$ cat query_39.txt   # compact mmCIF, C-alpha atoms
# COMPACT_ATOMS: atom_id res chain seq x y z
CA MET G 265 169.47 56.04 192.16
CA GLY G 266 170.69 55.67 195.73
CA ARG G 267 168.58 55.20 198.81
CA THR G 268 168.98 58.82 199.98
CA ALA G 269 168.10 60.34 196.62
CA ARG G 270 165.14 58.02 196.22
CA THR G 271 163.76 58.87 199.67
CA LYS G 272 164.13 62.60 199.00
CA ALA G 273 162.31 62.24 195.67
CA ARG G 274 159.45 60.47 197.41
CA VAL G 275 159.03 63.32 199.89
CA ASP G 276 159.17 65.82 197.05
CA TRP G 277 156.49 64.12 195.01
CA VAL G 278 154.15 64.16 198.02
CA ASP G 279 154.49 67.94 198.19
CA TYR G 280 153.93 68.25 194.45
CA ALA G 281 150.81 66.10 194.72
CA LYS G 282 149.42 68.17 197.58
CA GLY G 283 150.19 71.36 195.66
CA PHE G 284 148.41 70.07 192.57
CA CYS G 285 145.38 68.98 194.59
CA ILE G 286 145.00 72.22 196.56
CA ILE G 287 145.10 74.22 193.34
CA MET G 288 142.43 71.94 191.85
CA VAL G 289 140.28 72.47 194.95
CA VAL G 290 140.65 76.26 194.83
CA MET G 291 140.01 76.19 191.10
CA MET G 292 136.77 74.31 191.64
CA HIS G 293 135.44 76.75 194.24
CA SER G 294 136.61 79.75 192.21
CA THR G 295 135.13 78.57 188.93
CA LEU G 296 131.80 77.45 190.32
CA GLY G 297 131.51 80.69 192.30
CA VAL G 298 132.19 82.83 189.23
CA GLU G 299 129.75 80.85 187.10
CA LYS G 300 127.02 80.97 189.74
CA ALA G 301 127.41 84.72 190.18
CA ALA G 302 127.48 85.34 186.42
CA GLY G 303 124.73 82.88 185.57
CA ALA G 304 126.81 81.36 182.78
CA GLU G 305 129.67 78.92 182.21
CA GLY G 306 133.20 79.51 180.96
CA TRP G 307 135.87 77.25 179.53
CA MET G 308 137.30 76.52 183.00
CA THR G 309 134.20 74.48 183.80
CA TYR G 310 135.58 71.65 181.64
CA ILE G 311 138.84 71.50 183.60
CA VAL G 312 136.90 71.45 186.87
CA ALA G 313 134.65 68.66 185.58
CA PHE G 314 137.66 66.63 184.38
CA ALA G 315 139.30 66.86 187.82
CA LYS G 316 136.20 66.04 189.86
CA PRO G 317 136.67 62.23 190.07
CA PHE G 318 140.18 62.48 191.52
CA ARG G 319 140.43 65.96 193.08
CA MET G 320 139.42 65.07 196.66
CA PRO G 321 140.25 61.33 196.55
CA ASP G 322 143.91 62.11 195.99
CA PHE G 323 143.93 64.80 198.68
CA PHE G 324 142.61 62.31 201.24
CA MET G 325 144.88 59.50 200.03
CA ILE G 326 147.95 61.70 200.47
CA SER G 327 146.68 62.69 203.93
CA GLY G 328 146.74 59.04 204.99
CA LEU G 329 150.17 58.19 203.56
CA PHE G 330 152.29 58.72 206.68
CA LEU G 331 149.72 57.63 209.24
CA ALA G 332 151.40 54.27 209.87
CA GLN G 333 154.39 56.14 211.36
CA VAL G 334 152.32 57.72 214.14
CA ILE G 335 149.19 55.64 214.63
CA ASN G 336 150.70 53.57 217.45
CA ARG G 337 151.51 56.59 219.59
CA ASP G 338 149.60 57.07 222.83
CA TRP G 339 146.22 58.75 222.53
CA ARG G 340 147.41 61.97 224.17
CA THR G 341 150.18 62.56 221.65
CA TYR G 342 148.18 61.25 218.71
CA GLY G 343 145.11 63.23 219.69
CA ASP G 344 147.12 66.42 220.06
CA ARG G 345 148.77 66.11 216.64
CA LYS G 346 145.92 64.64 214.62
CA ILE G 347 142.69 65.78 216.29
CA VAL G 348 143.15 68.83 218.52
CA HIS G 349 145.52 70.40 216.00
CA PHE G 350 142.93 70.50 213.22
CA GLY G 351 140.15 71.25 215.68
CA TYR G 352 141.93 74.44 216.72
CA PHE G 353 142.25 75.69 213.15
CA TYR G 354 138.70 74.69 212.29
CA VAL G 355 137.21 76.70 215.15
CA LEU G 356 139.51 79.67 214.55
CA TRP G 357 138.78 79.92 210.83
CA LEU G 358 135.11 79.17 211.38
CA VAL G 359 134.94 82.32 213.48
CA ILE G 360 136.84 84.28 210.83
CA GLN G 361 134.63 83.08 207.99
CA PHE G 362 131.49 83.68 210.02
CA ALA G 363 132.59 87.26 210.76
CA PHE G 364 132.61 87.98 207.04
CA LYS G 365 129.42 86.10 206.22
CA ALA G 366 127.34 87.04 209.26
CA PRO G 367 126.04 90.38 207.86
CA GLY G 368 124.55 88.62 204.85
CA MET G 369 123.11 85.87 207.03
CA ILE G 370 121.53 88.41 209.36
CA ALA G 371 119.98 90.22 206.41
CA ASP G 372 118.53 86.94 205.06
CA GLU G 373 117.66 85.01 208.23
CA GLY G 374 117.84 87.48 211.09
CA ALA G 375 120.25 87.50 214.02
CA MET G 376 118.93 84.26 215.52
CA GLY G 377 119.20 82.54 212.17
CA ALA G 378 122.85 83.55 211.90
CA VAL G 379 123.56 82.32 215.43
CA ARG G 380 121.84 79.03 214.62
CA GLU G 381 124.02 78.58 211.52
CA PHE G 382 127.15 79.29 213.56
CA LEU G 383 126.29 76.77 216.27
CA LEU G 384 125.27 74.19 213.68
CA ALA G 385 128.75 74.46 212.15
CA PHE G 386 130.18 72.61 215.17
CA ILE G 387 128.44 69.43 214.01
CA ASP G 388 127.87 70.23 210.33
CA PRO G 389 130.91 71.98 208.83
CA PHE G 390 130.67 75.54 207.63
CA GLY G 391 131.45 76.54 204.04
CA THR G 392 134.79 75.35 202.65
CA LEU G 393 136.09 74.11 206.02
CA TRP G 394 134.58 70.62 205.88
CA PHE G 395 137.94 69.07 204.89
CA ILE G 396 139.57 70.42 208.08
CA PHE G 397 136.64 69.04 210.09
CA LEU G 398 136.71 65.62 208.46
CA LEU G 399 140.46 64.94 208.67
CA PRO G 400 140.55 64.46 212.48
CA VAL G 401 137.46 62.26 212.20
CA PHE G 402 139.37 60.03 209.79
CA PHE G 403 142.44 60.01 212.04
CA ALA G 404 140.36 59.04 215.08
CA VAL G 405 138.31 56.35 213.31
CA THR G 406 141.38 54.76 211.76
CA LYS G 407 143.13 54.50 215.12
CA LEU G 408 140.00 53.04 216.73
CA LEU G 409 139.82 50.40 213.97
CA ARG G 410 143.42 49.18 214.35
CA GLY G 411 142.27 45.83 215.74
CA VAL G 412 139.99 45.12 212.77
CA PRO G 413 141.49 43.31 209.74
CA VAL G 414 142.49 45.94 207.20
CA TRP G 415 140.87 44.10 204.30
CA LEU G 416 137.54 44.12 206.12
CA VAL G 417 137.75 47.85 206.87
CA TRP G 418 138.75 48.61 203.27
CA LEU G 419 135.86 46.60 201.83
CA ALA G 420 133.42 48.33 204.17
CA ALA G 421 134.85 51.73 203.21
CA ALA G 422 134.61 50.84 199.51
CA ALA G 423 131.00 49.78 199.99
CA LEU G 424 130.22 53.12 201.67
CA GLU G 425 131.68 54.97 198.69
CA THR G 426 129.60 52.90 196.31
CA LEU G 427 126.29 53.27 198.14
CA PRO G 428 124.19 56.36 197.34
CA ILE G 429 124.44 57.83 200.85
CA GLN G 430 122.98 61.34 200.87
CA THR G 431 121.66 62.33 204.28
CA GLY G 432 121.99 66.06 203.67
CA TRP G 433 124.58 66.31 206.46
CA VAL G 434 128.16 66.98 205.40
CA ILE G 435 130.07 64.65 207.71
CA PRO G 436 128.22 61.35 207.14
CA ASP G 437 127.95 62.01 203.41
CA GLU G 438 131.59 62.97 202.93
CA PHE G 439 132.80 60.27 205.32
CA ALA G 440 131.04 57.66 203.21
CA ALA G 441 132.40 59.12 199.98
CA ARG G 442 136.01 59.75 201.07
CA PHE G 443 137.12 57.39 203.85
CA VAL G 444 138.13 54.63 201.43
CA TYR G 445 140.76 56.92 199.89
CA PHE G 446 142.19 58.04 203.23
CA TYR G 447 142.34 54.44 204.42
CA SER G 448 143.90 53.35 201.12
CA GLY G 449 146.68 55.87 201.64
CA TYR G 450 147.26 54.43 205.10
CA ILE G 451 147.32 50.71 204.29
CA PHE G 452 148.79 50.90 200.77
CA ALA G 453 151.51 53.46 201.59
CA PRO G 454 154.44 51.06 200.90
CA LEU G 455 152.93 50.12 197.55
CA ILE G 456 152.29 53.77 196.68
CA PHE G 457 155.87 54.76 197.46
CA ARG G 458 157.19 51.86 195.34
CA PHE G 459 154.90 52.97 192.51
CA ALA G 460 156.23 56.53 192.71
CA ALA G 461 159.82 55.27 192.70
CA ARG G 462 159.09 53.15 189.61
CA VAL G 463 157.62 56.17 187.85
CA ILE G 464 160.75 58.18 188.60
CA ASP G 465 162.92 55.38 187.21
CA ARG G 466 160.76 54.87 184.07
CA PRO G 467 159.46 58.29 183.01
CA VAL G 468 158.63 57.37 179.40
CA GLU G 469 156.40 54.48 180.42
CA ALA G 470 154.79 56.68 183.08
CA ALA G 471 154.06 59.46 180.59
CA ALA G 472 152.42 56.98 178.23
CA GLY G 473 150.31 55.64 181.08
CA LEU G 474 149.23 59.16 182.02
CA ALA G 475 148.15 59.82 178.44
CA LEU G 476 146.00 56.69 178.43
CA TRP G 477 144.52 57.61 181.79
CA ALA G 478 143.64 61.11 180.58
CA ILE G 479 141.72 59.64 177.64
CA LEU G 480 139.87 57.22 179.91
CA GLU G 481 139.09 59.99 182.40
CA GLY G 482 137.79 62.28 179.67
CA VAL G 483 135.57 59.60 178.16
CA ALA G 484 134.09 58.73 181.56
CA VAL G 485 133.52 62.32 182.66
CA PHE G 486 132.15 63.78 179.47
CA GLY G 487 130.36 60.56 178.61
CA GLY G 488 128.31 60.94 181.78
CA ILE G 489 129.33 57.72 183.55
CA SER G 490 131.97 59.01 186.02
CA GLU G 491 129.58 59.14 188.98
CA MET G 492 128.09 55.69 188.52
CA PRO G 493 128.61 53.19 191.38
CA ILE G 494 131.88 51.27 191.14
CA VAL G 495 132.98 53.52 188.26
CA SER G 496 133.42 56.48 190.63
CA LEU G 497 135.54 54.38 193.00
CA GLY G 498 137.68 53.10 190.16
CA LEU G 499 138.17 56.58 188.72
CA GLY G 500 139.02 57.95 192.17
CA LEU G 501 141.74 55.35 192.73
CA LEU G 502 143.07 55.58 189.16
CA GLY G 503 143.02 59.36 189.31
CA ALA G 504 144.92 59.36 192.59
CA ALA G 505 147.52 57.08 191.01
CA ALA G 506 147.73 59.44 188.03
CA VAL G 507 148.34 62.46 190.27
CA ILE G 508 151.03 60.51 192.13
CA ALA G 509 152.69 59.56 188.83
CA PHE G 510 152.50 63.13 187.54
CA SER G 511 153.94 64.45 190.80
CA ALA G 512 156.71 61.88 190.80
CA LEU G 513 157.72 63.00 187.29
CA LEU G 514 157.77 66.62 188.44
CA SER G 515 160.07 65.69 191.32
CA LYS G 516 162.79 64.64 188.86
CA ASN G 517 163.77 68.18 187.83
CA HIS G 518 162.01 70.57 190.25
CA ARG G 519 161.10 73.04 187.50
CA LEU G 520 157.83 73.76 189.30
CA GLY G 521 159.22 74.49 192.73
CA TRP G 522 156.37 76.92 193.40
CA LEU G 523 153.93 74.00 193.11
CA ARG G 524 155.89 72.03 195.68
CA TYR G 525 155.84 75.05 197.99
CA CYS G 526 152.07 75.26 197.61
CA GLY G 527 151.92 71.61 198.62
CA GLN G 528 154.06 72.23 201.69
CA ASN G 529 151.56 74.91 202.70
CA SER G 530 148.39 73.37 201.31
CA ILE G 531 146.43 73.75 204.54
CA VAL G 532 147.45 77.40 204.79
CA ILE G 533 145.93 77.93 201.34
CA TYR G 534 142.86 75.88 202.19
CA LEU G 535 142.15 77.85 205.35
CA ALA G 536 142.53 81.33 203.89
CA PHE G 537 141.61 81.22 200.20
CA PHE G 538 137.91 82.01 200.66
CA LEU G 539 138.25 85.78 201.23
CA PRO G 540 140.61 86.70 198.34
CA MET G 541 138.55 84.40 196.13
CA ALA G 542 135.29 86.16 196.96
CA ALA G 543 136.82 89.66 196.78
CA THR G 544 138.49 89.07 193.41
CA ARG G 545 135.39 87.45 191.95
CA THR G 546 133.21 90.38 193.01
CA LEU G 547 135.68 92.97 191.70
CA LEU G 548 136.13 91.35 188.28
CA LEU G 549 132.46 90.62 187.71
CA LYS G 550 131.27 94.06 188.81
CA THR G 551 133.82 95.98 186.75
CA GLY G 552 133.44 93.73 183.72
CA VAL G 553 137.00 94.58 182.74
CA ILE G 554 137.51 90.97 181.60
CA PRO G 555 134.51 89.65 179.65
CA ASP G 556 135.65 86.03 179.31
CA LEU G 557 134.38 84.00 182.30
CA GLY G 558 137.03 81.32 181.91
CA THR G 559 139.78 83.92 182.20
CA VAL G 560 138.01 85.49 185.18
CA SER G 561 137.90 82.08 186.88
CA LEU G 562 141.59 81.53 186.19
CA ILE G 563 142.55 84.92 187.67
CA VAL G 564 140.35 84.34 190.72
CA THR G 565 142.03 80.96 191.23
CA ALA G 566 145.53 82.44 191.00
CA VAL G 567 144.76 85.24 193.45
CA ALA G 568 143.05 82.82 195.86
CA VAL G 569 146.14 80.57 195.87
CA VAL G 570 148.82 83.26 196.12
CA THR G 571 147.21 85.60 198.66
CA PRO G 572 147.12 83.11 201.59
CA ILE G 573 150.83 82.40 201.06
CA LEU G 574 151.61 86.13 201.12
CA PHE G 575 149.48 86.54 204.24
CA PHE G 576 151.26 83.57 205.85
CA TRP G 577 154.62 85.25 205.21
CA LEU G 578 153.31 88.55 206.55
CA VAL G 579 152.16 87.19 209.93
CA ARG G 580 155.11 84.93 210.65
CA GLY G 581 156.92 86.07 213.77
CA THR G 582 154.17 88.54 214.69
CA ARG G 583 151.35 88.46 217.23
CA PHE G 584 149.09 87.21 214.44
CA ARG G 585 151.04 84.02 213.88
CA PHE G 586 148.29 82.19 215.82
CA LEU G 587 146.35 82.24 212.53
CA PHE G 588 148.63 79.51 211.17
CA GLU G 589 150.62 78.37 214.20
CA ARG G 590 148.86 76.69 217.11
CA PRO G 591 149.74 78.41 220.41
CA ALA G 592 150.89 76.54 223.51
CA TRP G 593 147.56 76.90 225.32
CA ALA G 594 145.84 74.94 222.53
CA ARG G 595 148.10 71.89 222.89
CA LEU G 596 147.76 68.72 224.96
CA GLU G 597 151.51 68.06 224.99
CA ARG G 598 154.32 70.38 225.94
CA SER G 599 156.60 69.73 222.97
CA PRO G 600 156.53 72.36 220.21
CA ALA G 601 153.52 72.07 217.96
CA PRO G 602 154.20 70.83 214.43
CA SER G 603 153.66 73.07 211.46
CA LEU G 604 150.41 72.77 209.60
CA ALA G 605 152.12 70.85 206.82
CA ALA G 606 153.85 68.44 209.22
CA ALA G 607 150.62 67.61 210.98
CA GLU G 608 148.72 66.61 207.87

$ encode --input "query_39.txt" --output "structure tokens"
Amino acid sequence: MGRTARTKARVDWVDYAKGFCIIMVVMMHSTLGVEKAAGAEGWMTYIVAFAKPFRMPDFFMISGLFLAQVINRDWRTYGDRKIVHFGYFYVLWLVIQFAFKAPGMIADEGAMGAVREFLLAFIDPFGTLWFIFLLPVFFAVTKLLRGVPVWLVWLAAAALETLPIQTGWVIPDEFAARFVYFYSGYIFAPLIFRFAARVIDRPVEAAAGLALWAILEGVAVFGGISEMPIVSLGLGLLGAAAVIAFSALLSKNHRLGWLRYCGQNSIVIYLAFFLPMAATRTLLLKTGVIPDLGTVSLIVTAVAVVTPILFFWLVRGTRFRFLFERPAWARLERSPAPSLAAAE
């Protein structure tokens, strides 16, 4: 395989990995929401449980993969692309989510209670948007720590993941649990790309390794040890490697091009999946047209993934493109703003 083909495959597998992860994230929210509303579990709960150790670790690891290419830029450019960019979409979609949830909040807590929850969201992320809030924090912290030996930062990050840090606040808790994976993507990027290339070159060995990993993952999850200290870190790193291997294999034939497209627009899906998810869940549970909760969860997941993409297509080139395209007034630099996918 030549250099050009190999490089293209590496880019492709990143998109496949992001597509796989965003679907796992939507599936988790959809399934848990259905089961909470119904007061019972369906067969999808086992898939969600299986994916829990690696679902977010891989998402954050992939987010850190290309950081080395931009981390040495000046703070104005870096801050615009990696901090202000996500800040704009967080605030925008916070307002949108709050508009839909405010009536229920007012009914439960009163108008002042709803206002308090909205203001609190600027320091403690609101609903499903915590990932968008945390990404620029990771980008900023990693740049600030450039002068510290990488092995020392990694060990500290690994220790944070291992410690039972539960303050009740989203950012410190999720920072402690996830930063090691983001930082691993940053410092181990060359190794990760070589690993993906090896998988592409040796698919049979990779498939065998994935089978062994799946057994290990299942034993740990359903044996009740997956969240133990050290074990959770190991499963997160192994699971991220497994997703990378799986994605690299997919990049060989492109038979799941729709998954790659989801990966290219993973943040679009993440921002907008909450409303179609909630609407579909309510409709299916109230009508009872489908009695099986696992099937309901699967349909809710599919609708929640597809609808944001359709909405993204609908608003492109219109006055509503600001929903997914940062306008000029929200930029620190004058050059055209990158797409959501390019800025990840």

$ closest_residue --input "query_39.txt" --among "G:Thr571, G:Thr406, G:Asn517, G:Ser496" --to "G:Thr426" --atoms "only C-alpha atoms"
G:Ser496

$ atom_distance --input "query_39.txt" --atom1 "atom CA of G:Thr392" --atom2 "atom CA of G:Leu535"
8.2 Å

$ atom_distance --input "query_39.txt" --atom1 "atom CA of G:Phe576" --atom2 "atom CA of G:His293"
20.8 Å

$ atom_distance --input "query_39.txt" --atom1 "atom CA of G:Leu574" --atom2 "atom CA of G:Val312"
25.2 Å

$ residues_around --input "query_39.txt" --residues "stretch 506-512 of chain G" --least-positions-apart "3" --cutoff "7 Å" --atoms "all atoms listed in the file" --output "list of chain:residue names"
G:Trp277, G:Tyr280, G:Ala281, G:Ala460, G:Val463, G:Ile464, G:Ala470, G:Leu474, G:Leu502, G:Gly503, G:Ser515, G:Lys516

$ write_last_selection --input "query_39.txt" --atoms "C-alpha atoms" --output "mmCIF file, in the coordinates of the input"
data_model
loop_
_atom_site.group_PDB
_atom_site.id
_atom_site.type_symbol
_atom_site.label_atom_id
_atom_site.label_comp_id
_atom_site.auth_asym_id
_atom_site.auth_seq_id
_atom_site.Cartn_x
_atom_site.Cartn_y
_atom_site.Cartn_z
ATOM 1 C CA TRP G 277 156.490 64.120 195.010
ATOM 2 C CA TYR G 280 153.930 68.250 194.450
ATOM 3 C CA ALA G 281 150.810 66.100 194.720
ATOM 4 C CA ALA G 460 156.230 56.530 192.710
ATOM 5 C CA VAL G 463 157.620 56.170 187.850
ATOM 6 C CA ILE G 464 160.750 58.180 188.600
ATOM 7 C CA ALA G 470 154.790 56.680 183.080
ATOM 8 C CA LEU G 474 149.230 59.160 182.020
ATOM 9 C CA LEU G 502 143.070 55.580 189.160
ATOM 10 C CA GLY G 503 143.020 59.360 189.310
ATOM 11 C CA SER G 515 160.070 65.690 191.320
ATOM 12 C CA LYS G 516 162.790 64.640 188.860
#

$ closest_residue --input "query_39.txt" --among "G:Gly343, G:Gly488, G:Gly303, G:Gly391" --to "G:Ile360" --atoms "all atoms listed in the file"
G:Gly391

$ closest_residue --input "query_39.txt" --among "G:Gln333, G:Thr582, G:Ser490, G:Thr559" --to "G:Ile451" --atoms "all atoms listed in the file"
G:Gln333

$ closest_residue --input "query_39.txt" --among "G:Trp415, G:Ile573, G:Thr565, G:Gly374" --to "G:Ala536" --atoms "all atoms listed in the file"
G:Ile573

$ closest_atom_pairs --input "query_39.txt" --of "stretch 287-355 of chain G" --to "stretch 431-442 of chain G" --cutoff "12 Å" --atoms "only C-alpha atoms" --output "Markdown table"
| residue | atom | partner | partner_atom | distance |
| --- | --- | --- | --- | --- |
| G:Pro317 | CA | G:Ala441 | CA | 11.2 |
| G:Phe318 | CA | G:Arg442 | CA | 10.8 |
| G:Arg319 | CA | G:Arg442 | CA | 11.0 |
| G:Met320 | CA | G:Arg442 | CA | 7.7 |
| G:Pro321 | CA | G:Arg442 | CA | 6.4 |
| G:Asp322 | CA | G:Arg442 | CA | 9.7 |
| G:Phe323 | CA | G:Arg442 | CA | 9.7 |
| G:Phe324 | CA | G:Arg442 | CA | 7.1 |
| G:Met325 | CA | G:Arg442 | CA | 8.9 |
| G:Ser327 | CA | G:Arg442 | CA | 11.4 |
| G:Gly328 | CA | G:Arg442 | CA | 11.4 |

$ residues_around --input "query_39.txt" --residues "G:Met492" --least-positions-apart "6" --cutoff "12 Å" --atoms "all atoms listed in the file" --output "list in words"
Pro317, Glu425, Thr426, Leu427, Pro428, Ala484, Val485, Gly498, Leu499 and Gly500 of chain G

$ residues_near_point --input "query_39.txt" --point "(146.7, 79.4, 214.6)" --cutoff "10 Å" --atoms "all atoms listed in the file" --output "JSON, numbers by chain"
{"G": [349, 350, 352, 353, 354, 355, 356, 357, 584, 585, 586, 587, 588, 589, 590, 591, 594, 603, 604]}

$ write_last_selection --input "query_39.txt" --atoms "C-alpha atoms" --output "PDB file, keeping the file's coordinate frame"
ATOM      1  CA  HIS G 349     145.520  70.400 216.000  1.00  0.00           C
ATOM      2  CA  PHE G 350     142.930  70.500 213.220  1.00  0.00           C
ATOM      3  CA  TYR G 352     141.930  74.440 216.720  1.00  0.00           C
ATOM      4  CA  PHE G 353     142.250  75.690 213.150  1.00  0.00           C
ATOM      5  CA  TYR G 354     138.700  74.690 212.290  1.00  0.00           C
ATOM      6  CA  VAL G 355     137.210  76.700 215.150  1.00  0.00           C
ATOM      7  CA  LEU G 356     139.510  79.670 214.550  1.00  0.00           C
ATOM      8  CA  TRP G 357     138.780  79.920 210.830  1.00  0.00           C
ATOM      9  CA  PHE G 584     149.090  87.210 214.440  1.00  0.00           C
ATOM     10  CA  ARG G 585     151.040  84.020 213.880  1.00  0.00           C
ATOM     11  CA  PHE G 586     148.290  82.190 215.820  1.00  0.00           C
ATOM     12  CA  LEU G 587     146.350  82.240 212.530  1.00  0.00           C
ATOM     13  CA  PHE G 588     148.630  79.510 211.170  1.00  0.00           C
ATOM     14  CA  GLU G 589     150.620  78.370 214.200  1.00  0.00           C
ATOM     15  CA  ARG G 590     148.860  76.690 217.110  1.00  0.00           C
ATOM     16  CA  PRO G 591     149.740  78.410 220.410  1.00  0.00           C
ATOM     17  CA  ALA G 594     145.840  74.940 222.530  1.00  0.00           C
ATOM     18  CA  SER G 603     153.660  73.070 211.460  1.00  0.00           C
ATOM     19  CA  LEU G 604     150.410  72.770 209.600  1.00  0.00           C
TER      20      LEU G 604
END

$ residues_near_point --input "query_39.txt" --point "(138.8, 59.2, 213.2)" --cutoff "12 Å" --atoms "all atoms listed in the file" --output "mmCIF file with C-alpha atoms, in the coordinates of the input"
data_model
loop_
_atom_site.group_PDB
_atom_site.id
_atom_site.type_symbol
_atom_site.label_atom_id
_atom_site.label_comp_id
_atom_site.auth_asym_id
_atom_site.auth_seq_id
_atom_site.Cartn_x
_atom_site.Cartn_y
_atom_site.Cartn_z
ATOM 1 C CA GLY G 328 146.740 59.040 204.990
ATOM 2 C CA LEU G 331 149.720 57.630 209.240
ATOM 3 C CA ILE G 335 149.190 55.640 214.630
ATOM 4 C CA TRP G 339 146.220 58.750 222.530
ATOM 5 C CA TYR G 342 148.180 61.250 218.710
ATOM 6 C CA GLY G 343 145.110 63.230 219.690
ATOM 7 C CA LYS G 346 145.920 64.640 214.620
ATOM 8 C CA ILE G 347 142.690 65.780 216.290
ATOM 9 C CA VAL G 348 143.150 68.830 218.520
ATOM 10 C CA PHE G 397 136.640 69.040 210.090
ATOM 11 C CA LEU G 398 136.710 65.620 208.460
ATOM 12 C CA LEU G 399 140.460 64.940 208.670
ATOM 13 C CA PRO G 400 140.550 64.460 212.480
ATOM 14 C CA VAL G 401 137.460 62.260 212.200
ATOM 15 C CA PHE G 402 139.370 60.030 209.790
ATOM 16 C CA PHE G 403 142.440 60.010 212.040
ATOM 17 C CA ALA G 404 140.360 59.040 215.080
ATOM 18 C CA VAL G 405 138.310 56.350 213.310
ATOM 19 C CA THR G 406 141.380 54.760 211.760
ATOM 20 C CA LYS G 407 143.130 54.500 215.120
ATOM 21 C CA LEU G 408 140.000 53.040 216.730
ATOM 22 C CA LEU G 409 139.820 50.400 213.970
ATOM 23 C CA ARG G 410 143.420 49.180 214.350
ATOM 24 C CA ILE G 435 130.070 64.650 207.710
ATOM 25 C CA PHE G 439 132.800 60.270 205.320
ATOM 26 C CA PHE G 443 137.120 57.390 203.850
ATOM 27 C CA PHE G 446 142.190 58.040 203.230
ATOM 28 C CA TYR G 447 142.340 54.440 204.420
#

$ closest_residue --input "query_39.txt" --among "G:Asp276, G:Thr295, G:Ile286, G:Leu393" --to "G:Gln361" --atoms "all atoms listed in the file"
G:Leu393

$ closest_residue --input "query_39.txt" --among "G:Lys300, G:Trp307, G:Val444, G:Val570" --to "G:Leu523" --atoms "only C-alpha atoms"
G:Val570

$ axis_aligned_box --input "query_39.txt" --around "stretch 472-481 of chain G" --padding-each-side "8 Å" --output "AutoDock Vina command-line options"
--center_x 145.8 --center_y 58.4 --center_z 180.0 --size_x 29.3 --size_y 21.5 --size_z 20.8

$ build_atoms --input "query_39.txt" --residues "stretch 534-546 of chain G" --atoms "N, CA and C atoms" --output "PDB file, in the frame of the given file"
ATOM      1  N   TYR G 534     144.237  76.335 202.016  1.00  0.00           N
ATOM      2  CA  TYR G 534     142.860  75.880 202.190  1.00  0.00           C
ATOM      3  C   TYR G 534     142.117  76.715 203.227  1.00  0.00           C
ATOM      4  N   LEU G 535     142.798  77.079 204.289  1.00  0.00           N
ATOM      5  CA  LEU G 535     142.150  77.850 205.350  1.00  0.00           C
ATOM      6  C   LEU G 535     141.776  79.259 204.898  1.00  0.00           C
ATOM      7  N   ALA G 536     142.646  79.889 204.110  1.00  0.00           N
ATOM      8  CA  ALA G 536     142.530  81.330 203.890  1.00  0.00           C
ATOM      9  C   ALA G 536     142.138  81.744 202.474  1.00  0.00           C
ATOM     10  N   PHE G 537     141.852  80.817 201.581  1.00  0.00           N
ATOM     11  CA  PHE G 537     141.610  81.220 200.200  1.00  0.00           C
ATOM     12  C   PHE G 537     140.238  81.840 199.977  1.00  0.00           C
ATOM     13  N   PHE G 538     139.299  81.619 200.913  1.00  0.00           N
ATOM     14  CA  PHE G 538     137.910  82.010 200.660  1.00  0.00           C
ATOM     15  C   PHE G 538     137.743  83.512 200.488  1.00  0.00           C
ATOM     16  N   LEU G 539     138.456  84.326 201.286  1.00  0.00           N
ATOM     17  CA  LEU G 539     138.250  85.780 201.230  1.00  0.00           C
ATOM     18  C   LEU G 539     138.844  86.397 199.963  1.00  0.00           C
ATOM     19  N   PRO G 540     140.125  86.138 199.611  1.00  0.00           N
ATOM     20  CA  PRO G 540     140.610  86.700 198.340  1.00  0.00           C
ATOM     21  C   PRO G 540     139.841  86.173 197.137  1.00  0.00           C
ATOM     22  N   MET G 541     139.361  84.942 197.222  1.00  0.00           N
ATOM     23  CA  MET G 541     138.550  84.400 196.130  1.00  0.00           C
ATOM     24  C   MET G 541     137.275  85.217 195.948  1.00  0.00           C
ATOM     25  N   ALA G 542     136.555  85.425 197.037  1.00  0.00           N
ATOM     26  CA  ALA G 542     135.290  86.160 196.960  1.00  0.00           C
ATOM     27  C   ALA G 542     135.512  87.613 196.541  1.00  0.00           C
ATOM     28  N   ALA G 543     136.556  88.248 197.085  1.00  0.00           N
ATOM     29  CA  ALA G 543     136.820  89.660 196.780  1.00  0.00           C
ATOM     30  C   ALA G 543     137.197  89.840 195.313  1.00  0.00           C
ATOM     31  N   THR G 544     138.063  88.966 194.809  1.00  0.00           N
ATOM     32  CA  THR G 544     138.490  89.070 193.410  1.00  0.00           C
ATOM     33  C   THR G 544     137.349  88.776 192.462  1.00  0.00           C
ATOM     34  N   ARG G 545     136.555  87.777 192.780  1.00  0.00           N
ATOM     35  CA  ARG G 545     135.390  87.450 191.950  1.00  0.00           C
ATOM     36  C   ARG G 545     134.434  88.640 191.859  1.00  0.00           C
ATOM     37  N   THR G 546     134.128  89.246 192.993  1.00  0.00           N
ATOM     38  CA  THR G 546     133.210  90.380 193.010  1.00  0.00           C
ATOM     39  C   THR G 546     133.756  91.556 192.210  1.00  0.00           C
TER      40      THR G 546
END
